[in-house]
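The block underneath contains the structure these notes are about, expressed in structure tokens.
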2 protein chains.
Amino acid sequence: MVPSGQEADNQPLHVAISEQLKAKIESGKYEPGERLPSEFDLGEAFGVSRTTVRKAIANLIQQGLVTTQQGKGIFVTEQHKITFSMSNPLMTFDAALRQQGYQGRVQSLRFQRVKASPEISHRLQLSTRGAEVYWQEKIIYADESPIALDMVYYPETIGKSLSAQLQAGFTYSTLLANGIDLNAAKVTLESIPATYELSEYLAVPLGMPLLVFNYVAYQGNHQPIVCGKTLSRSDWTCYNAEINLD
Amino acid sequence: MVPSGQEADNQPLHVAISEQLKAKIESGKYEPGERLPSEFDLGEAFGVSRTTVRKAIANLIQQGLVTTQQGKGIFVTEQHKITFSMSNPLMTFDAALRQQGYQGRVQSLRFQRVKASPEISHRLQLSTRGAEVYWQEKIIYADESPIALDMVYYPETIGKSLSAQLQAGFTYSTLLANGIDLNAAKVTLESIPATYELSEYLAVPLGMPLLVFNYVAYQGNHQPIVCGKTLSRSDWTCYNAEINLD
DNA sequence: TAGTGGTCTAGACCACACG
DNA sequence: GTGTGGTCTAGACCACTAC
């Protein structure tokens, strides 16, 4: 009883419906930003219950094709993509944003002195046991959209002396402006689905992919200056690199 | 009427339930690989309908914490993570797999001569219009798990002469074994949610994050030898790099 | 006030796994 | 056969948005 005749059979109804809607989105029949018919209307159009329509919409949300707004409707996702160079680790965020036509801004959620965990001690090569570090969490915005959550650890001396500036601006710019030149880094990149907590910070649906950029950055003399991780919305961000094995 | 007393209020029931289950998983009360109670039993335990339990389980699936198997049950996800070095682009897959204790294997889905698209022509720096290239799609396995889908384009001469070997093995190993030495690459890394098609190839739920490793690899003389993209399960894979700006 | 998506229920039937 | 997750229904109420 697939209504608007289509598709191979023995496919669940909600899949058939979401695939039909997906085709309309990808072919441009529903344009980015456009509102889809309401769940009720879609149910009537396809001859199914609202529950089934909602499952179909959930499929589209998981694929990042639409978002929903309570009281307003279902909207086709608009595309953005900002590329960050791995050759100048994360800290180029502000320059990269500016260069690609966005206004960058940070919102500091937390900036406090804490006892370094063994892992952080190791990454920052702190020799004294139980040394203190500064721990910052901040949200990075491109224009008005939150696109990344940055969790950073600074050695005590740096965090203390640059406290005010680090809370107001971007990490790399602040360090550079104070004569601290980073010229090496060890990084890893992976991806995780957004938890509830992260989905609220970054205004994404539960489970949406986030890129995790894990880094330790060093000064010329191999002294670690900062480490941390940047969790960024994968629908907004991309990393690139040029590799030479010579 | 939140049953097993807990949590702030005005949180949806399905969220409260999934967060409780999540806590039990992360604290180890449900161990990796272990089966959770059935949907029916969970519904009784929490005093909610099966629909609500299913929504809670869906939340956990989206966060990568559990997987379901029809007829069998709900199981806590087991953790794996294989790290690939970006300094030796994608092609080190087999060496990296072996080194980290997995048996690597490829399954070729397609290997055929096609007319190069403008994009591929550009990436491979093909001068003649409408040149032909070899297009390969293959699935990469770690032991018995599919972990990546590799889509590769080779210039005609290479694809033709190494046809049999490229279909049977890993790209980099095959090229190296034939005296083709890659020593530079341009790469980008991003992440996307799995579509239906990809979720079937890689045996993951719809929407699970996939890492997209996009690459063009060059021979010493700056000649592009191969380009393509590797879509890998983000729960299995991680990329790292060491960066020097000296 | 009307329309939208968000939550939740109770119940039905199906497909698959296992003994 | 029994138990499991997968699909689907019909209907209720709530929260939010807009007019």
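Ordered as shown in the structure tokens, chains take letters A, B, and onward, while each chain numbers its residues from 1 and ligands are numbered from 1 in the order shown.
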Residue neighbourhood DG6 (chain D), 10 Å, only C-alpha atoms (C1' of nucleotides), exclusion window fewer than 2 positions, as a PyMOL selection string | (chain A and resi 12) or (chain B and resi 69-71) or (chain C and resi 14-16) or (chain D and resi 4+8)
Please, which residues of region 38-172 of chain A, numbered as in this document, come out alpha helix (DSSP H) from DSSP, as an MDAnalysis selection string?
-> chainID A and resid 39:46 50:62 93:99 118:123 156:161 163:168 171:172
Please report as a ChimeraX atom specification which residues of chain B come no farther than 6 Å from chain A, using only C-alpha atoms.
-> /B:62-63,183-191,193,207,209,234,238-245
Those same residues - C-alpha atoms - I'd like them written as a short mmCIF file (atom, residue, chain, number, x, y, z; two decimals), in the first residue's frame.
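File produced: part-v3.cif:
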```cif
data_model
loop_
_atom_site.label_atom_id
_atom_site.label_comp_id
_atom_site.auth_asym_id
_atom_site.auth_seq_id
_atom_site.Cartn_x
_atom_site.Cartn_y
_atom_site.Cartn_z
CA GLN B 62 22.45 7.65 18.06
CA GLN B 63 25.14 8.22 20.65
CA ASN B 183 55.74 10.99 -1.36
CA ALA B 184 53.27 13.85 -1.25
CA ALA B 185 49.55 14.25 -0.80
CA LYS B 186 46.85 16.84 -0.41
CA VAL B 187 44.14 15.72 1.93
CA THR B 188 41.01 16.95 3.64
CA LEU B 189 39.15 15.42 6.53
CA GLU B 190 35.53 15.92 7.35
CA SER B 191 32.67 13.91 8.78
CA PRO B 193 26.25 11.10 8.88
CA GLY B 207 23.23 8.66 10.70
CA PRO B 209 29.33 9.56 11.90
CA SER B 234 34.26 6.86 13.13
CA CYS B 238 41.19 7.97 13.96
CA TYR B 239 43.78 9.97 12.03
CA ASN B 240 46.88 11.56 13.44
CA ALA B 241 49.58 13.89 12.21
CA GLU B 242 52.71 15.65 13.34
CA ILE B 243 53.02 19.18 12.10
CA ASN B 244 56.16 21.23 11.79
CA LEU B 245 56.23 24.77 10.57
#
```
Go through chain D and flag each residue having an atom no more than 10 Å from chain A; for those, report the closest pair of atoms plus their distance in Å to one decimal, using only C-alpha atoms (C1' of nucleotides), ordered by chain and rising number, as CSV.
```
residue,atom,partner,partner_atom,distance
D:DG6,C1',A:Pro12,CA,9.1
D:DT7,C1',A:Pro12,CA,7.2
D:DC8,C1',A:Thr52,CA,6.8
D:DT9,C1',A:Ser49,CA,6.4
D:DA10,C1',A:Ser49,CA,7.9
D:DA15,C1',A:Gln70,CA,8.0
D:DC16,C1',A:Gly71,CA,4.9
D:DT17,C1',A:Gly71,CA,4.8
D:DA18,C1',A:Lys72,CA,8.4
```
Store the residues of this selection in a file with N, CA, C and O atoms (P, O5', C5', C4', C3', O3' and C1' of nucleotides), as a compact mmCIF listing (two decimals), in the first residue's frame.
```
# COMPACT_ATOMS: atom_id res chain seq x y z
P DG D 6 15.16 -3.12 16.49
O5' DG D 6 13.96 -3.62 15.55
C5' DG D 6 14.25 -4.24 14.32
C4' DG D 6 13.12 -3.97 13.34
C3' DG D 6 12.80 -2.49 13.17
O3' DG D 6 12.56 -2.23 11.79
C1' DG D 6 10.87 -3.66 13.85
P DT D 7 12.03 -0.78 11.35
O5' DT D 7 10.46 -1.00 11.29
C5' DT D 7 9.93 -1.85 10.29
C4' DT D 7 8.43 -1.81 10.35
C3' DT D 7 7.81 -0.43 10.09
O3' DT D 7 6.99 -0.55 8.94
C1' DT D 7 6.80 -1.50 11.95
P DC D 8 6.48 0.79 8.25
O5' DC D 8 5.13 1.08 9.03
C5' DC D 8 4.04 0.13 8.94
C4' DC D 8 2.97 0.50 9.93
C3' DC D 8 2.57 1.97 9.99
O3' DC D 8 1.42 2.15 9.18
C1' DC D 8 2.51 0.84 12.12
P DT D 9 0.67 3.56 9.21
O5' DT D 9 -0.39 3.30 10.37
C5' DT D 9 -1.11 2.07 10.39
C4' DT D 9 -2.10 2.08 11.54
C3' DT D 9 -2.81 3.42 11.73
O3' DT D 9 -4.21 3.22 11.67
C1' DT D 9 -1.91 2.63 13.79
P DA D 10 -5.17 4.40 11.25
O5' DA D 10 -5.75 4.88 12.65
C5' DA D 10 -6.30 3.91 13.55
C4' DA D 10 -6.65 4.61 14.85
C3' DA D 10 -7.13 6.06 14.66
O3' DA D 10 -8.29 6.24 15.46
C1' DA D 10 -5.27 6.00 16.12
P DA D 15 3.04 21.93 28.80
O5' DA D 15 3.85 22.31 27.48
C5' DA D 15 5.01 21.56 27.12
C4' DA D 15 5.72 22.31 26.01
C3' DA D 15 5.85 23.81 26.24
O3' DA D 15 7.10 24.21 25.69
C1' DA D 15 4.58 23.44 24.30
P DC D 16 7.62 25.69 25.92
O5' DC D 16 7.60 26.30 24.45
C5' DC D 16 8.28 25.60 23.41
C4' DC D 16 7.74 26.08 22.09
C3' DC D 16 7.78 27.61 21.92
O3' DC D 16 8.70 27.90 20.89
C1' DC D 16 5.71 26.66 21.17
P DT D 17 8.99 29.41 20.45
O5' DT D 17 7.98 29.65 19.23
C5' DT D 17 8.03 28.80 18.11
C4' DT D 17 7.07 29.31 17.05
C3' DT D 17 7.09 30.82 16.83
O3' DT D 17 7.27 31.05 15.45
C1' DT D 17 4.86 30.06 17.21
P DA D 18 7.47 32.52 14.93
O5' DA D 18 6.02 32.90 14.42
C5' DA D 18 5.43 32.12 13.39
C4' DA D 18 3.97 32.48 13.31
C3' DA D 18 3.70 33.98 13.09
O3' DA D 18 3.02 34.14 11.87
C1' DA D 18 2.29 33.06 14.77
```
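Among B:Leu175, B:Ala148, B:Val53, B:Leu36, the residue with the shortest atom-to-atom distance to chain C, counting only C-alpha atoms (C1' of nucleotides), is B:Val53.
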Could you list, as a list in words, the residues of chain C having an atom within 8 Å of chain B when counting only C-alpha atoms (C1' of nucleotides)?
-> DT7, DC8, DT9, DA10, DC16 and DA17 of chain C
Enter the distance from CA of Asp94 (chain A) to CA of Ser173 (chain A), in Å, rounded to one decimal.
->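 Pair CA of Asp94 (chain A) / CA of Ser173 (chain A) returns 7.8 Å.
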Can you list, as a PyMOL selection string, every protein, DNA or RNA residue that comes within 8 Å of Phe93 (chain A) when you count only C-alpha atoms (C1' of nucleotides), leaving out same-chain residues fewer than 3 positions away?
-> chain A and resi 84+90+96-97+104+170
Go ahead and save the residues from that selection, with N, CA and C atoms, as a PDB file, in the first residue's frame.
```pdb
ATOM      1  N   PHE A  84      39.559  24.481   7.764  1.00  0.00           N
ATOM      2  CA  PHE A  84      40.659  24.888   8.617  1.00  0.00           C
ATOM      3  C   PHE A  84      41.907  24.126   8.214  1.00  0.00           C
ATOM      4  N   LEU A  90      44.496  24.379  15.155  1.00  0.00           N
ATOM      5  CA  LEU A  90      43.234  25.023  15.524  1.00  0.00           C
ATOM      6  C   LEU A  90      43.210  26.530  15.681  1.00  0.00           C
ATOM      7  N   ALA A  96      40.891  31.930   9.796  1.00  0.00           N
ATOM      8  CA  ALA A  96      40.180  31.141   8.788  1.00  0.00           C
ATOM      9  C   ALA A  96      38.732  31.610   8.658  1.00  0.00           C
ATOM     10  N   LEU A  97      38.124  31.912   9.777  1.00  0.00           N
ATOM     11  CA  LEU A  97      36.734  32.378   9.741  1.00  0.00           C
ATOM     12  C   LEU A  97      36.642  33.684   8.972  1.00  0.00           C
ATOM     13  N   GLY A 104      34.060  35.766  13.448  1.00  0.00           N
ATOM     14  CA  GLY A 104      34.349  34.846  14.532  1.00  0.00           C
ATOM     15  C   GLY A 104      34.172  35.509  15.885  1.00  0.00           C
ATOM     16  N   PHE A 170      40.587  34.484  20.755  1.00  0.00           N
ATOM     17  CA  PHE A 170      41.020  33.191  20.255  1.00  0.00           C
ATOM     18  C   PHE A 170      42.401  32.843  20.785  1.00  0.00           C
TER      19      PHE A 170
END
```
